[in-house]
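K.L.:
I am sharing work27.pdb, which consists of PDB, C-alpha atoms and all ligand atoms:
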```pdb
MODEL        1
ATOM      1  CA  MET A   1     -19.183   8.143  11.294
ATOM      2  CA  SER A   2     -18.613   9.194   7.735
ATOM      3  CA  GLU A   3     -19.136   6.685   4.949
ATOM      4  CA  GLU A   4     -16.111   8.206   3.241
ATOM      5  CA  GLU A   5     -13.753   6.886   5.920
ATOM      6  CA  PRO A   6     -10.467   5.889   4.278
ATOM      7  CA  GLN A   7      -9.829   2.186   3.856
ATOM      8  CA  THR A   8      -6.861   0.539   5.503
ATOM      9  CA  PRO A   9      -4.375  -1.313   3.289
ATOM     10  CA  TYR A  10      -5.779  -4.494   4.863
ATOM     11  CA  GLU A  11      -9.284  -3.607   3.690
ATOM     12  CA  ILE A  12      -7.977  -2.850   0.207
ATOM     13  CA  LEU A  13      -5.911  -6.039  -0.186
ATOM     14  CA  GLY A  14      -7.750  -8.546   1.996
ATOM     15  CA  ASP A  15      -6.166 -11.698   3.454
ATOM     16  CA  GLN A  16      -5.470 -13.282   0.091
ATOM     17  CA  GLY A  17      -4.044 -10.057  -1.376
ATOM     18  CA  ILE A  18      -1.578  -9.804   1.516
ATOM     19  CA  LYS A  19      -0.542 -13.452   1.103
ATOM     20  CA  ASP A  20      -0.020 -12.758  -2.602
ATOM     21  CA  LEU A  21       2.048  -9.675  -1.759
ATOM     22  CA  ALA A  22       4.296 -11.598   0.654
ATOM     23  CA  ALA A  23       4.780 -14.389  -1.897
ATOM     24  CA  ALA A  24       5.509 -11.888  -4.699
ATOM     25  CA  PHE A  25       7.947 -10.106  -2.393
ATOM     26  CA  TYR A  26      10.115 -13.178  -1.788
ATOM     27  CA  ASP A  27       9.775 -14.305  -5.408
ATOM     28  CA  ALA A  28      11.131 -10.888  -6.425
ATOM     29  CA  MET A  29      13.944 -11.236  -3.874
ATOM     30  CA  ASP A  30      14.748 -14.636  -5.336
ATOM     31  CA  GLU A  31      14.831 -13.347  -8.908
ATOM     32  CA  LEU A  32      16.147  -9.780  -8.863
ATOM     33  CA  PRO A  33      19.929  -9.452  -9.170
ATOM     34  CA  LEU A  34      19.732  -6.164  -7.253
ATOM     35  CA  ALA A  35      18.527  -8.109  -4.182
ATOM     36  CA  ALA A  36      21.332 -10.678  -4.244
ATOM     37  CA  ASP A  37      22.887  -9.499  -0.967
ATOM     38  CA  ILE A  38      19.699  -9.896   1.062
ATOM     39  CA  ARG A  39      18.680 -13.094  -0.752
ATOM     40  CA  ALA A  40      21.941 -14.609   0.442
ATOM     41  CA  MET A  41      20.955 -13.966   4.093
ATOM     42  CA  HIS A  42      17.850 -16.154   3.746
ATOM     43  CA  THR A  43      17.442 -19.897   3.761
ATOM     44  CA  GLU A  44      17.020 -21.591   0.409
ATOM     45  CA  ASN A  45      13.351 -22.392   0.995
ATOM     46  CA  LEU A  46      11.322 -19.218   1.484
ATOM     47  CA  ASP A  47       7.927 -20.769   2.333
ATOM     48  CA  HIS A  48       8.192 -20.166   6.077
ATOM     49  CA  VAL A  49       9.287 -16.562   5.785
ATOM     50  CA  LYS A  50       6.537 -15.904   3.198
ATOM     51  CA  ARG A  51       3.994 -17.038   5.783
ATOM     52  CA  MET A  52       5.598 -14.962   8.540
ATOM     53  CA  LEU A  53       5.732 -11.826   6.391
ATOM     54  CA  ALA A  54       2.071 -12.300   5.401
ATOM     55  CA  ALA A  55       1.150 -12.615   9.093
ATOM     56  CA  TYR A  56       3.166  -9.519   9.995
ATOM     57  CA  LEU A  57       1.773  -7.423   7.148
ATOM     58  CA  THR A  58      -1.819  -8.497   7.888
ATOM     59  CA  GLN A  59      -1.517  -6.993  11.340
ATOM     60  CA  TRP A  60       0.631  -4.033  10.289
ATOM     61  CA  MET A  61      -1.821  -3.084   7.545
ATOM     62  CA  GLY A  62      -4.753  -2.894   9.962
ATOM     63  CA  GLY A  63      -5.988  -6.499  10.032
ATOM     64  CA  PRO A  64      -6.294  -8.958  12.906
ATOM     65  CA  PRO A  65      -3.267  -9.484  15.203
ATOM     66  CA  VAL A  66      -2.164 -12.768  13.656
ATOM     67  CA  TYR A  67       1.590 -12.162  13.964
ATOM     68  CA  LEU A  68       1.183 -11.369  17.655
ATOM     69  CA  ALA A  69      -0.785 -14.607  18.076
ATOM     70  CA  ILE A  70       2.078 -16.618  16.540
ATOM     71  CA  LYS A  71       5.068 -14.833  18.069
ATOM     72  CA  GLY A  72       3.752 -13.185  21.222
ATOM     73  CA  THR A  73       5.327  -9.896  20.077
ATOM     74  CA  VAL A  74       5.369  -7.652  17.021
ATOM     75  CA  CYS A  75       8.965  -6.622  17.594
ATOM     76  CA  LEU A  76      11.118  -7.215  14.509
ATOM     77  CA  THR A  77      14.445  -6.522  16.205
ATOM     78  CA  GLU A  78      15.120 -10.040  17.440
ATOM     79  CA  PRO A  79      14.492 -11.997  14.218
ATOM     80  CA  HIS A  80      16.819  -9.595  12.378
ATOM     81  CA  GLU A  81      19.512  -9.468  15.041
ATOM     82  CA  PRO A  82      21.748 -12.130  13.446
ATOM     83  CA  PHE A  83      22.053 -10.048  10.263
ATOM     84  CA  ARG A  84      23.861  -6.824   9.516
ATOM     85  CA  ILE A  85      21.239  -4.641   7.905
ATOM     86  CA  GLY A  86      22.478  -1.272   6.707
ATOM     87  CA  PRO A  87      21.094   1.251   4.216
ATOM     88  CA  LYS A  88      22.038  -0.954   1.254
ATOM     89  CA  GLU A  89      20.131  -3.959   2.607
ATOM     90  CA  ARG A  90      17.178  -1.749   3.580
ATOM     91  CA  ASP A  91      17.013  -0.340   0.050
ATOM     92  CA  GLN A  92      17.213  -3.827  -1.505
ATOM     93  CA  TRP A  93      14.304  -4.892   0.709
ATOM     94  CA  LEU A  94      12.264  -1.833  -0.311
ATOM     95  CA  ALA A  95      13.021  -2.460  -4.010
ATOM     96  CA  CYS A  96      11.608  -5.994  -3.641
ATOM     97  CA  MET A  97       8.500  -4.562  -2.004
ATOM     98  CA  ASP A  98       8.065  -2.033  -4.847
ATOM     99  CA  GLU A  99       8.405  -4.861  -7.367
ATOM    100  CA  ALA A 100       5.958  -7.063  -5.421
ATOM    101  CA  LEU A 101       3.352  -4.274  -5.402
ATOM    102  CA  VAL A 102       3.703  -3.997  -9.182
ATOM    103  CA  ARG A 103       3.461  -7.783  -9.582
ATOM    104  CA  ILE A 104       0.183  -8.024  -7.653
ATOM    105  CA  GLY A 105      -1.261  -5.098  -9.614
ATOM    106  CA  ALA A 106      -1.568  -2.754  -6.627
ATOM    107  CA  SER A 107      -3.216   0.584  -7.373
ATOM    108  CA  GLU A 108      -1.248   3.834  -7.395
ATOM    109  CA  VAL A 109      -3.326   4.940  -4.396
ATOM    110  CA  LEU A 110      -2.212   1.897  -2.392
ATOM    111  CA  LYS A 111       1.415   2.292  -3.468
ATOM    112  CA  GLN A 112       1.400   5.929  -2.339
ATOM    113  CA  MET A 113      -0.338   4.983   0.903
ATOM    114  CA  LEU A 114       2.379   2.441   1.730
ATOM    115  CA  LYS A 115       5.471   4.263   0.507
ATOM    116  CA  GLN A 116       6.419   6.261   3.606
ATOM    117  CA  PRO A 117       5.257   3.696   6.220
ATOM    118  CA  MET A 118       7.169   0.905   4.403
ATOM    119  CA  TYR A 119      10.288   3.061   4.433
ATOM    120  CA  GLN A 120       9.799   3.693   8.131
ATOM    121  CA  VAL A 121       9.375   0.030   9.074
ATOM    122  CA  ALA A 122      12.400  -0.953   6.964
ATOM    123  CA  GLU A 123      14.381   1.825   8.616
ATOM    124  CA  THR A 124      13.349   0.420  12.003
ATOM    125  CA  VAL A 125      14.735  -2.979  11.025
ATOM    126  CA  ARG A 126      18.067  -1.431   9.956
ATOM    127  CA  ASN A 127      20.559  -2.229  12.680
ATOM    128  CA  CYS A 128      23.813  -0.710  11.474
ATOM    129  CA  GLU A 129      24.981   2.498   9.882
ATOM    130  CA  ASP A 130      26.786   0.983   6.996
ATOM    131  CA  SER A 131      27.786  -2.347   5.598
ATOM    132  CA  THR A 132      30.740  -3.507   3.636
ATOM    133  CA  PRO A 133      30.294  -5.937   0.727
ATOM    134  CA  LYS A 134      31.557  -8.899   2.748
ATOM    135  CA  ASN A 135      29.791  -8.313   6.029
ATOM    136  CA  ASN A 136      26.983 -10.813   5.569
ATOM    137  CA  GLY A 137      29.130 -13.727   4.535
ATOM    138  CA  PRO A 138      32.032 -15.590   6.019
ATOM    139  CA  ASP A 139      35.140 -13.502   6.494
ATOM    140  CA  ILE A 140      37.722 -13.983   3.827
ATOM    141  CA  ILE A 141      41.222 -14.080   5.243
ATOM    142  CA  ALA A 142      43.682 -12.649   2.804
ATOM    143  CA  VAL A 143      47.008 -14.446   2.903
ATOM    144  CA  GLY A 144      50.242 -12.927   1.763
TER     145      GLY A 144
HETATM  146  C1  LIG B 201      15.417  -3.842   5.924
HETATM  147  C2  LIG B 201      15.839  -4.935   5.331
HETATM  148  C3  LIG B 201      15.489  -6.331   5.771
HETATM  149  C4  LIG B 201      16.279  -7.423   5.642
HETATM  150  C5  LIG B 201      17.659  -7.444   5.022
HETATM  151  C6  LIG B 201      15.567  -8.554   6.221
HETATM  152  C7  LIG B 201      16.056  -9.840   6.303
HETATM  153  C8  LIG B 201      15.455 -10.869   6.954
HETATM  154  C9  LIG B 201      16.036 -12.172   7.178
HETATM  155  C10 LIG B 201      17.425 -12.594   6.716
HETATM  156  C11 LIG B 201      15.142 -12.916   7.853
HETATM  157  C12 LIG B 201      15.313 -14.372   8.324
HETATM  158  C13 LIG B 201      14.735 -15.254   7.290
HETATM  159  C14 LIG B 201      14.972 -16.708   7.561
HETATM  160  O1  LIG B 201      14.788 -17.140   8.715
HETATM  161  O2  LIG B 201      15.313 -17.397   6.606
HETATM  162  C15 LIG B 201      13.971 -12.099   8.050
HETATM  163  C16 LIG B 201      12.839 -12.507   8.697
HETATM  164  C17 LIG B 201      11.694 -11.762   8.748
HETATM  165  N1  LIG B 201      11.526 -10.477   8.298
HETATM  166 FE1  LIG B 201      12.928  -9.320   7.500
HETATM  167  N2  LIG B 201      14.348  -8.144   6.653
HETATM  168  C18 LIG B 201      14.249  -6.788   6.414
HETATM  169  C19 LIG B 201      13.174  -5.994   6.689
HETATM  170  C20 LIG B 201      11.954  -6.441   7.115
HETATM  171  C21 LIG B 201      10.760  -5.634   7.244
HETATM  172  C22 LIG B 201      10.698  -4.137   6.930
HETATM  173  C23 LIG B 201       9.772  -6.463   7.653
HETATM  174  C24 LIG B 201       8.346  -6.160   7.936
HETATM  175  C25 LIG B 201       7.642  -5.210   7.311
HETATM  176  C26 LIG B 201      10.335  -7.777   7.819
HETATM  177  C27 LIG B 201       9.656  -8.900   8.241
HETATM  178  C28 LIG B 201      10.227 -10.101   8.525
HETATM  179  C29 LIG B 201       9.523 -11.185   9.171
HETATM  180  C30 LIG B 201       8.065 -11.168   9.586
HETATM  181  C31 LIG B 201      10.440 -12.221   9.306
HETATM  182  C32 LIG B 201      10.177 -13.566   9.955
HETATM  183  C33 LIG B 201      10.537 -13.411  11.400
HETATM  184  C34 LIG B 201       9.939 -14.458  12.252
HETATM  185  O3  LIG B 201      10.252 -15.645  12.084
HETATM  186  O4  LIG B 201       9.136 -14.033  13.096
HETATM  187  N3  LIG B 201      11.666  -7.740   7.466
HETATM  188  N4  LIG B 201      14.191 -10.861   7.499
ENDMDL
END
```
Could you write out this file's structure as structure tokens?
Ligand code: HEM
P.N.:
Amino acid sequence: MSEEEPQTPYEILGDQGIKDLAAAFYDAMDELPLAADIRAMHTENLDHVKRMLAAYLTQWMGGPPVYLAIKGTVCLTEPHEPFRIGPKERDQWLACMDEALVRIGASEVLKQMLKQPMYQVAETVRNCEDSTPKNNGPDIIAVG
């Protein structure tokens, strides 16, 4: 075993760092105008989803299987099923993650390490090809 073995993102950030990242992520979603479409899909209070994202990322980044312990699965399809998530929503999500990494002072090495895998997991969550501006809200019936 080499002592130079690369660290996992979990080893770099630690439990608290991942909680901070999840909190910064939803704070960014709450604040950034560019994320307004995906913010509108979420409940007003983001505390629960902050905890769930921290649990998911802990496991996904190489830490203990805490999300599996809570949910019994790591599949993200079901929790996202009620929402239409196309390329626009995926890119808003990724922009919030980029902003969150900046806000927690993540190193360039960590940002580079996460870039492609984050894209891939967001792409996995995408569940439609495209989305129209109104597709995540109530339908507006034009009269006349
Ligand atoms: C691609 C764009 C994405 C959108 C638009 C999106 C949107 C959402 C929404 C609306 C919820 C429900 C929140 C609520 O109950 O208030 C949710 C839950 C969640 N999302 Fe996403 N999401 C995306 C991608 C991702 C990705 C890439 C991850 C993981 C890396 C993720 C992890 C989670 C988790 C862990 C939950 C909580 C699910 C549970 O209760 O088990 N999401 N997401």
K.L.:
Identify, counting all atoms listed in the file, the protein, DNA and RNA residues located within 6 Å of ligand LIG 201 (chain B), and give them as an NGL selection string.
P.N.:
:A and (38 or 41-43 or 49 or 52-53 or 56 or 79-80 or 85 or 89-90 or 93 or 121-122 or 125-126)
K.L.:
For the selection just defined, write its residues with C-alpha atoms to a file, as an mmCIF file, keeping the file's coordinate frame.
P.N.:
```cif
data_model
loop_
_atom_site.group_PDB
_atom_site.id
_atom_site.type_symbol
_atom_site.label_atom_id
_atom_site.label_comp_id
_atom_site.auth_asym_id
_atom_site.auth_seq_id
_atom_site.Cartn_x
_atom_site.Cartn_y
_atom_site.Cartn_z
ATOM 1 C CA ILE A 38 19.699 -9.896 1.062
ATOM 2 C CA MET A 41 20.955 -13.966 4.093
ATOM 3 C CA HIS A 42 17.850 -16.154 3.746
ATOM 4 C CA THR A 43 17.442 -19.897 3.761
ATOM 5 C CA VAL A 49 9.287 -16.562 5.785
ATOM 6 C CA MET A 52 5.598 -14.962 8.540
ATOM 7 C CA LEU A 53 5.732 -11.826 6.391
ATOM 8 C CA TYR A 56 3.166 -9.519 9.995
ATOM 9 C CA PRO A 79 14.492 -11.997 14.218
ATOM 10 C CA HIS A 80 16.819 -9.595 12.378
ATOM 11 C CA ILE A 85 21.239 -4.641 7.905
ATOM 12 C CA GLU A 89 20.131 -3.959 2.607
ATOM 13 C CA ARG A 90 17.178 -1.749 3.580
ATOM 14 C CA TRP A 93 14.304 -4.892 0.709
ATOM 15 C CA VAL A 121 9.375 0.030 9.074
ATOM 16 C CA ALA A 122 12.400 -0.953 6.964
ATOM 17 C CA VAL A 125 14.735 -2.979 11.025
ATOM 18 C CA ARG A 126 18.067 -1.431 9.956
#
```
K.L.:
Pick the closest to Asp15 of chain A from A:Ala100, A:Leu94, A:Cys128, A:Met61: which is it, counting all atoms listed in the file?
P.N.:
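Counting all atoms listed in the file, the residue closest to Asp15 of chain A is A:Met61.
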K.L.:
With the PyMOL selection byres (((chain A and resi 106) around 12) and not hetatm) as the selection, what would be picked from this file? Answer as a PyMOL selection string, please.
P.N.:
chain A and resi 9+12-13+17-18+20-21+24+97-105+107-114
K.L.:
One number please: atom CA of Lys115 of chain A to atom CA of Pro87 of chain A, in Å, one decimal.
P.N.:
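According to the coordinates, atom CA of Lys115 of chain A and atom CA of Pro87 of chain A are separated by 16.3 Å.
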K.L.:
Would you compute the distance between atom CA of Glu4 of chain A and atom CA of Gly63 of chain A? Give it in Å to one decimal.
P.N.:
19.1 Å
K.L.:
Could you check which of A:Asn127, A:Gln7, A:Gln92, A:Gln116 is closest to Pro33 of chain A, using all atoms listed in the file?
P.N.:
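Using all atoms listed in the file, the shortest distance to Pro33 of chain A belongs to A:Gln92.
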K.L.:
Mind giving me the straight-line distance from atom CA of Ala55 of chain A to atom CA of Glu129 of chain A in Å, one decimal?
P.N.:
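Separation of atom CA of Ala55 of chain A and atom CA of Glu129 of chain A: 28.2 Å.
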K.L.:
Which residue, A:Thr77, A:Pro82, A:Glu5, A:Asp91, has the smallest gap to Leu34 of chain A when you use all atoms listed in the file?
P.N.:
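Of all the options, A:Asp91 lies closest to Leu34 of chain A.
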K.L.:
Let me have the centre and edge lengths in Å, one decimal, of the box along x, y and z around every listed atom of segment 91-109 of chain A with 6 Å of margin on each side, as AutoDock Vina command-line options.
P.N.:
```
--center_x 6.9 --center_y -1.5 --center_z -4.5 --size_x 32.5 --size_y 25.0 --size_z 22.3
```
K.L.:
Please provide as a list in words all residues within 6 Å of Met29 of chain A, with the sequence filter that same-chain residues fewer than 4 positions apart are discarded (counting all atoms listed in the file).
P.N.:
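Near neighbours after the sequence-gap exclusion: Ala35, Arg39 and Cys96 of chain A.
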K.L.:
Apply the PyMOL selection byres (((chain A and resi 47) around 12) and not hetatm) to the structure shown and report the selected residues as a PyMOL selection string.
P.N.:
chain A and resi 19+22-27+30+42-46+48-54
